[in-house]
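Asker: Dropping in upload-v4.pdb, which is PDB, C-alpha atoms:
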MODEL        1
ATOM      1  CA  MET A   1       1.249-129.605  80.676  1.00  0.00           C
ATOM      2  CA  THR A   2       3.975-130.856  78.411  1.00  0.00           C
ATOM      3  CA  TRP A   3       3.666-131.755  74.757  1.00  0.00           C
ATOM      4  CA  PRO A   4       5.445-131.509  71.406  1.00  0.00           C
ATOM      5  CA  PHE A   5       5.423-127.974  70.032  1.00  0.00           C
ATOM      6  CA  SER A   6       2.608-126.685  67.867  1.00  0.00           C
ATOM      7  CA  ARG A   7       0.290-123.707  68.079  1.00  0.00           C
ATOM      8  CA  ARG A   8      -2.550-126.198  68.523  1.00  0.00           C
ATOM      9  CA  TYR A   9      -1.103-127.147  71.903  1.00  0.00           C
ATOM     10  CA  SER A  10      -0.927-123.502  72.903  1.00  0.00           C
ATOM     11  CA  LEU A  11      -4.594-123.227  71.978  1.00  0.00           C
ATOM     12  CA  PHE A  12      -5.244-126.282  74.143  1.00  0.00           C
ATOM     13  CA  GLY A  13      -3.508-124.545  77.069  1.00  0.00           C
ATOM     14  CA  GLY A  14      -5.545-121.412  76.469  1.00  0.00           C
ATOM     15  CA  SER A  15      -8.772-123.415  76.316  1.00  0.00           C
ATOM     16  CA  PHE A  16      -7.813-125.175  79.535  1.00  0.00           C
ATOM     17  CA  LEU A  17      -7.206-121.804  81.192  1.00  0.00           C
ATOM     18  CA  PHE A  18     -10.526-120.470  79.904  1.00  0.00           C
ATOM     19  CA  ARG A  19     -12.354-123.428  81.471  1.00  0.00           C
ATOM     20  CA  LEU A  20     -10.574-122.888  84.781  1.00  0.00           C
ATOM     21  CA  CYS A  21     -11.470-119.201  84.771  1.00  0.00           C
ATOM     22  CA  ARG A  22     -15.120-120.091  84.282  1.00  0.00           C
ATOM     23  CA  VAL A  23     -15.073-121.961  87.600  1.00  0.00           C
ATOM     24  CA  ASN A  24     -13.757-118.996  89.612  1.00  0.00           C
ATOM     25  CA  TYR A  25      -9.991-119.083  89.095  1.00  0.00           C
ATOM     26  CA  THR A  26     -10.032-115.499  87.871  1.00  0.00           C
ATOM     27  CA  PRO A  27      -8.186-113.246  87.373  1.00  0.00           C
ATOM     28  CA  ALA A  28      -5.661-114.882  85.060  1.00  0.00           C
ATOM     29  CA  VAL A  29      -2.636-113.730  83.084  1.00  0.00           C
ATOM     30  CA  THR A  30      -1.278-115.415  79.965  1.00  0.00           C
ATOM     31  CA  THR A  31       2.161-114.936  78.456  1.00  0.00           C
ATOM     32  CA  SER A  32       4.877-116.842  76.641  1.00  0.00           C
ATOM     33  CA  ALA A  33       7.979-117.746  78.613  1.00  0.00           C
ATOM     34  CA  HIS A  34      10.069-115.505  76.365  1.00  0.00           C
ATOM     35  CA  ASP A  35       7.734-112.516  76.797  1.00  0.00           C
ATOM     36  CA  LEU A  36       7.604-113.081  80.562  1.00  0.00           C
ATOM     37  CA  VAL A  37      11.358-112.926  81.059  1.00  0.00           C
ATOM     38  CA  GLN A  38      11.811-110.174  78.459  1.00  0.00           C
ATOM     39  CA  THR A  39       9.220-108.021  80.253  1.00  0.00           C
ATOM     40  CA  LEU A  40      10.918-108.645  83.605  1.00  0.00           C
ATOM     41  CA  GLN A  41      14.368-107.851  82.209  1.00  0.00           C
ATOM     42  CA  ASP A  42      13.052-104.600  80.706  1.00  0.00           C
ATOM     43  CA  ALA A  43      11.360-103.713  84.012  1.00  0.00           C
ATOM     44  CA  HIS A  44      14.595-104.419  85.879  1.00  0.00           C
ATOM     45  CA  ARG A  45      16.484-102.009  83.616  1.00  0.00           C
ATOM     46  CA  SER A  46      13.812 -99.320  84.006  1.00  0.00           C
ATOM     47  CA  GLY A  47      13.508 -99.709  87.788  1.00  0.00           C
ATOM     48  CA  SER A  48       9.946-101.053  87.790  1.00  0.00           C
ATOM     49  CA  ILE A  49      10.738-104.704  88.552  1.00  0.00           C
ATOM     50  CA  GLN A  50       8.670-104.918  91.749  1.00  0.00           C
ATOM     51  CA  GLN A  51       5.556-103.654  89.970  1.00  0.00           C
ATOM     52  CA  LYS A  52       6.003-106.149  87.115  1.00  0.00           C
ATOM     53  CA  MET A  53       6.705-109.005  89.517  1.00  0.00           C
ATOM     54  CA  ARG A  54       3.399-108.264  91.260  1.00  0.00           C
ATOM     55  CA  ALA A  55       1.617-108.305  87.890  1.00  0.00           C
ATOM     56  CA  TYR A  56       2.702-111.945  87.487  1.00  0.00           C
ATOM     57  CA  THR A  57       2.521-113.079  91.105  1.00  0.00           C
ATOM     58  CA  ASN A  58      -0.811-111.563  92.237  1.00  0.00           C
ATOM     59  CA  PRO A  59      -3.330-113.162  89.818  1.00  0.00           C
ATOM     60  CA  ASN A  60      -4.895-116.461  90.863  1.00  0.00           C
ATOM     61  CA  MET A  61      -3.820-118.128  87.612  1.00  0.00           C
ATOM     62  CA  LEU A  62      -0.793-117.660  85.361  1.00  0.00           C
ATOM     63  CA  LEU A  63      -0.439-119.456  82.026  1.00  0.00           C
ATOM     64  CA  ILE A  64       3.125-119.535  80.701  1.00  0.00           C
ATOM     65  CA  ASP A  65       3.300-120.824  77.153  1.00  0.00           C
ATOM     66  CA  GLU A  66       6.213-122.263  75.181  1.00  0.00           C
ATOM     67  CA  ILE A  67       8.649-123.210  77.955  1.00  0.00           C
ATOM     68  CA  GLY A  68      11.765-124.365  76.148  1.00  0.00           C
ATOM     69  CA  TYR A  69      11.016-122.801  72.787  1.00  0.00           C
ATOM     70  CA  ARG A  70      14.062-120.622  73.438  1.00  0.00           C
ATOM     71  CA  LYS A  71      16.886-121.227  75.883  1.00  0.00           C
ATOM     72  CA  MET A  72      17.128-118.738  78.726  1.00  0.00           C
ATOM     73  CA  ASP A  73      20.285-116.919  79.696  1.00  0.00           C
ATOM     74  CA  GLU A  74      21.286-116.676  83.355  1.00  0.00           C
ATOM     75  CA  THR A  75      19.334-113.476  84.028  1.00  0.00           C
ATOM     76  CA  ALA A  76      16.181-114.732  82.291  1.00  0.00           C
ATOM     77  CA  ALA A  77      16.372-118.040  84.168  1.00  0.00           C
ATOM     78  CA  HIS A  78      16.746-116.131  87.448  1.00  0.00           C
ATOM     79  CA  PHE A  79      13.597-114.086  86.756  1.00  0.00           C
ATOM     80  CA  PHE A  80      11.673-117.212  85.765  1.00  0.00           C
ATOM     81  CA  PHE A  81      12.705-118.869  89.023  1.00  0.00           C
ATOM     82  CA  GLN A  82      11.618-115.774  90.965  1.00  0.00           C
ATOM     83  CA  ILE A  83       8.117-115.927  89.460  1.00  0.00           C
ATOM     84  CA  VAL A  84       7.762-119.650  90.158  1.00  0.00           C
ATOM     85  CA  SER A  85       9.180-119.261  93.659  1.00  0.00           C
ATOM     86  CA  GLU A  86       6.943-116.316  94.585  1.00  0.00           C
ATOM     87  CA  ARG A  87       3.833-118.089  93.245  1.00  0.00           C
ATOM     88  CA  TYR A  88       4.708-121.368  94.991  1.00  0.00           C
ATOM     89  CA  GLU A  89       1.748-122.453  97.145  1.00  0.00           C
ATOM     90  CA  LYS A  90       0.059-119.072  96.538  1.00  0.00           C
ATOM     91  CA  GLY A  91      -1.216-119.164  92.956  1.00  0.00           C
ATOM     92  CA  SER A  92      -1.719-121.664  90.167  1.00  0.00           C
ATOM     93  CA  ILE A  93       0.543-121.924  87.142  1.00  0.00           C
ATOM     94  CA  VAL A  94      -0.395-123.633  83.891  1.00  0.00           C
ATOM     95  CA  LEU A  95       2.610-124.343  81.666  1.00  0.00           C
ATOM     96  CA  THR A  96       2.883-125.531  78.098  1.00  0.00           C
ATOM     97  CA  SER A  97       6.104-127.034  76.805  1.00  0.00           C
ATOM     98  CA  HIS A  98       7.380-129.305  74.091  1.00  0.00           C
ATOM     99  CA  LYS A  99      10.303-130.341  76.306  1.00  0.00           C
ATOM    100  CA  SER A 100      10.240-133.165  78.826  1.00  0.00           C
ATOM    101  CA  PHE A 101      11.182-132.307  82.399  1.00  0.00           C
ATOM    102  CA  GLY A 102      14.493-134.114  81.928  1.00  0.00           C
ATOM    103  CA  MET A 103      15.476-131.509  79.317  1.00  0.00           C
ATOM    104  CA  TRP A 104      14.785-128.468  81.477  1.00  0.00           C
ATOM    105  CA  GLY A 105      18.423-128.249  82.572  1.00  0.00           C
ATOM    106  CA  ASP A 106      19.201-127.371  78.943  1.00  0.00           C
ATOM    107  CA  ILE A 107      16.471-124.712  78.821  1.00  0.00           C
ATOM    108  CA  PHE A 108      17.859-122.872  81.841  1.00  0.00           C
ATOM    109  CA  ASP A 109      21.479-123.897  81.177  1.00  0.00           C
ATOM    110  CA  ASP A 110      21.630-124.928  84.839  1.00  0.00           C
ATOM    111  CA  THR A 111      20.444-128.311  86.129  1.00  0.00           C
ATOM    112  CA  VAL A 112      20.406-127.148  89.763  1.00  0.00           C
ATOM    113  CA  LEU A 113      18.145-124.201  88.924  1.00  0.00           C
ATOM    114  CA  ALA A 114      15.935-126.400  86.719  1.00  0.00           C
ATOM    115  CA  THR A 115      15.590-128.878  89.596  1.00  0.00           C
ATOM    116  CA  ALA A 116      14.603-126.074  91.992  1.00  0.00           C
ATOM    117  CA  ILE A 117      12.005-124.784  89.522  1.00  0.00           C
ATOM    118  CA  LEU A 118      10.594-128.262  88.898  1.00  0.00           C
ATOM    119  CA  ASP A 119      10.557-129.002  92.623  1.00  0.00           C
ATOM    120  CA  ARG A 120       8.222-126.063  93.204  1.00  0.00           C
ATOM    121  CA  LEU A 121       6.136-126.639  90.082  1.00  0.00           C
ATOM    122  CA  LEU A 122       5.559-130.358  90.559  1.00  0.00           C
ATOM    123  CA  HIS A 123       4.735-130.231  94.260  1.00  0.00           C
ATOM    124  CA  HIS A 124       0.909-130.279  94.559  1.00  0.00           C
ATOM    125  CA  SER A 125       0.571-130.417  90.756  1.00  0.00           C
ATOM    126  CA  SER A 126      -1.255-132.359  88.111  1.00  0.00           C
ATOM    127  CA  THR A 127       0.654-133.082  84.934  1.00  0.00           C
ATOM    128  CA  ILE A 128      -0.946-133.803  81.585  1.00  0.00           C
ATOM    129  CA  ASN A 129       1.434-135.314  79.060  1.00  0.00           C
ATOM    130  CA  ILE A 130      -0.041-135.270  75.575  1.00  0.00           C
ATOM    131  CA  LYS A 131       1.725-137.227  72.859  1.00  0.00           C
ATOM    132  CA  TRP A 132       0.456-136.361  69.434  1.00  0.00           C
ATOM    133  CA  GLU A 133       2.129-135.111  66.323  1.00  0.00           C
ATOM    134  CA  SER A 134       1.973-131.555  65.169  1.00  0.00           C
ATOM    135  CA  TYR A 135      -0.579-131.266  62.390  1.00  0.00           C
ATOM    136  CA  ARG A 136       2.126-129.576  60.269  1.00  0.00           C
ATOM    137  CA  VAL A 137       4.461-132.569  60.624  1.00  0.00           C
ATOM    138  CA  LYS A 138       1.562-134.930  59.958  1.00  0.00           C
ATOM    139  CA  GLU A 139       0.752-133.082  56.726  1.00  0.00           C
ATOM    140  CA  LYS A 140       4.415-133.143  55.631  1.00  0.00           C
ATOM    141  CA  LYS A 141       4.566-136.907  56.256  1.00  0.00           C
ATOM    142  CA  LYS A 142       1.465-137.396  54.115  1.00  0.00           C
ATOM    143  CA  ALA A 143       3.133-135.373  51.375  1.00  0.00           C
ATOM    144  CA  GLY A 144       6.244-137.582  51.566  1.00  0.00           C
ATOM    145  CA  PHE A 145       8.678-135.077  53.079  1.00  0.00           C
ATOM    146  CA  PHE A 146       9.517-137.448  55.955  1.00  0.00           C
ATOM    147  CA  ARG A 147      10.170-141.159  55.877  1.00  0.00           C
ATOM    148  CA  SER A 148       8.551-143.209  58.586  1.00  0.00           C
ATOM    149  CA  GLU A 149      10.838-145.053  61.021  1.00  0.00           C
ATOM    150  CA  ASN A 150       9.778-148.373  59.481  1.00  0.00           C
ATOM    151  CA  GLN A 151      10.901-147.226  56.022  1.00  0.00           C
ATOM    152  CA  ALA A 152      14.234-146.028  57.426  1.00  0.00           C
ATOM    153  CA  ASP A 153      14.796-149.410  59.149  1.00  0.00           C
ATOM    154  CA  GLN A 154      13.979-151.342  55.961  1.00  0.00           C
ATOM    155  CA  ASN A 155      16.452-149.300  53.917  1.00  0.00           C
ATOM    156  CA  GLU A 156      19.372-150.004  56.263  1.00  0.00           C
TER     157      GLU A 156
ENDMDL
END
What is this file in structure tokens?
Answerer:
Amino acid sequence: MTWPFSRRYSLFGGSFLFRLCRVNYTPAVTTSAHDLVQTLQDAHRSGSIQQKMRAYTNPNMLLIDEIGYRKMDETAAHFFFQIVSERYEKGSIVLTSHKSFGMWGDIFDDTVLATAILDRLLHHSSTINIKWESYRVKEKKKAGFFRSENQADQNE
């Protein structure tokens, strides 16, 4: 799933996961992308990487929230790829992101790696692209903090 960032979208992803679990896709693990790679980096330093990798690769369903909220360094991107690669054709992954797939090269700072990740994720997948504004932005527009595009065009 990809959509503009807002906690509401994360709740949508969680609700989607809950519905899937109710129809026998259990067990499931949920995490943010940042927490996932941070946990794996910490496990790598402490020598427990294989155990942590299994914690993310064994469940039937894995929800990874907020892909692209923070850029990943080379090590983090490598661990993310490892999770996606090990789960490929073995377990489902539900992703939430406010970034389009075309921007994933920026997230991982490597277009080749981003392509390899997307190749595995998009094969046999369903993608839901939701285009709605964050309720926070909507409220700020109502309050006059943002000009609409039409107003900006008229003023030029």
Asker: Considering only C-alpha atoms, return as a list in words whatever protein or nucleic-acid residues lie within 10 Å of A:Arg54, sequence-local ones (same chain, fewer than 4 positions apart) excluded.
Answerer: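 The neighbour list is Ile49, Gln50, Asn58, Pro59, Ile83 and Glu86 of chain A.
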Asker: So, counting all atoms listed in the file, which residue among A:Ala55, A:Leu118, A:Ala143, A:Leu40 is closest to A:Tyr88?
Answerer: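 Comparing A:Ala55, A:Leu118, A:Ala143, A:Leu40 against A:Tyr88, the winner is A:Leu118.
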Asker: Which residues, named as in the file, does the PyMOL selection byres ((chain A and resi 123) around 12) pick out? Answer as an MDAnalysis selection string.
Answerer: chainID A and resid 84:85 88:89 92:93 115:122 124:127
Asker: Rounded to one decimal, what separation in Å do you get between atom CA of A:Asp73 and atom CA of A:Met103?
Answerer: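 Result for atom CA of A:Asp73 versus atom CA of A:Met103: 15.4 Å, one decimal.
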Asker: Fewer than 2 positions away in the same chain doesn't count, so skip those; otherwise give me all residues within 12 Å of A:Asp35, counting all atoms listed in the file, as a list in words.
Answerer: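 The filter keeps Thr30, Thr31, Ser32, Ala33, Val37, Gln38, Thr39, Leu40, Gln41, Asp42, Ala43, Tyr56, Leu63, Ile64, Asp65, Glu66, Ile67, Tyr69, Arg70, Met72, Ala76, Phe79 and Phe80 of chain A.
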Asker: So which one's closest to A:Thr96, A:Lys140, A:Leu62, A:Thr75, A:Val112? Using all atoms listed in the file, please.
Answerer: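 Nearest to A:Thr96: A:Leu62.
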Asker: Using 4 Å of padding on each side, determine the axis-aligned box around all atoms of stretch 35-46 of chain A present in the file and give its centre and edge lengths in Å to one decimal, as lines of an AutoDock Vina configuration file.
Answerer:
center_x = 12.0
center_y = -106.2
center_z = 81.3
size_x = 16.9
size_y = 21.8
size_z = 17.1
Asker: To one decimal place in Å, what is the distance between atom CA of A:Asp106 and atom CA of A:Gly68?
Answerer: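 Atom CA of A:Gly68 lies 8.5 Å from atom CA of A:Asp106.
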Asker: Counting only C-alpha atoms, figure out which residue out of A:Glu74, A:Met53, A:Ser48, A:Met61 gets nearest to A:Ala28.
Answerer: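 Closest to A:Ala28 of all the choices is A:Met61.
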Asker: With the input short on atoms, add N, CA, C and O atoms back to stretch 29-40 of chain A and write it as a compact mmCIF listing (two decimals), in the frame of the given file.
Answerer:
# COMPACT_ATOMS: atom_id res chain seq x y z
N VAL A 29 -3.57 -114.40 83.99
CA VAL A 29 -2.64 -113.73 83.08
C VAL A 29 -2.04 -114.79 82.19
O VAL A 29 -1.69 -115.88 82.65
N THR A 30 -1.92 -114.50 80.90
CA THR A 30 -1.28 -115.42 79.96
C THR A 30 -0.09 -114.72 79.32
O THR A 30 -0.15 -113.52 79.02
N THR A 31 0.97 -115.47 79.09
CA THR A 31 2.16 -114.94 78.46
C THR A 31 3.01 -116.10 77.94
O THR A 31 2.86 -117.23 78.41
N SER A 32 3.89 -115.83 77.02
CA SER A 32 4.88 -116.84 76.64
C SER A 32 6.06 -116.72 77.60
O SER A 32 6.25 -115.67 78.23
N ALA A 33 6.81 -117.78 77.72
CA ALA A 33 7.98 -117.75 78.61
C ALA A 33 8.95 -116.65 78.18
O ALA A 33 9.48 -115.91 79.01
N HIS A 34 9.15 -116.53 76.88
CA HIS A 34 10.07 -115.50 76.36
C HIS A 34 9.57 -114.10 76.72
O HIS A 34 10.34 -113.27 77.19
N ASP A 35 8.28 -113.84 76.48
CA ASP A 35 7.73 -112.52 76.80
C ASP A 35 7.78 -112.23 78.30
O ASP A 35 8.05 -111.09 78.71
N LEU A 36 7.54 -113.24 79.11
CA LEU A 36 7.60 -113.08 80.56
C LEU A 36 8.98 -112.59 80.99
O LEU A 36 9.10 -111.56 81.66
N VAL A 37 10.02 -113.31 80.60
CA VAL A 37 11.36 -112.93 81.06
C VAL A 37 11.84 -111.65 80.38
O VAL A 37 12.54 -110.85 81.00
N GLN A 38 11.44 -111.43 79.14
CA GLN A 38 11.81 -110.17 78.46
C GLN A 38 11.18 -108.97 79.16
O GLN A 38 11.85 -107.96 79.40
N THR A 39 9.92 -109.09 79.53
CA THR A 39 9.22 -108.02 80.25
C THR A 39 9.89 -107.75 81.59
O THR A 39 10.09 -106.59 81.99
N LEU A 40 10.26 -108.82 82.30
CA LEU A 40 10.92 -108.64 83.60
C LEU A 40 12.31 -108.05 83.46
O LEU A 40 12.71 -107.21 84.27
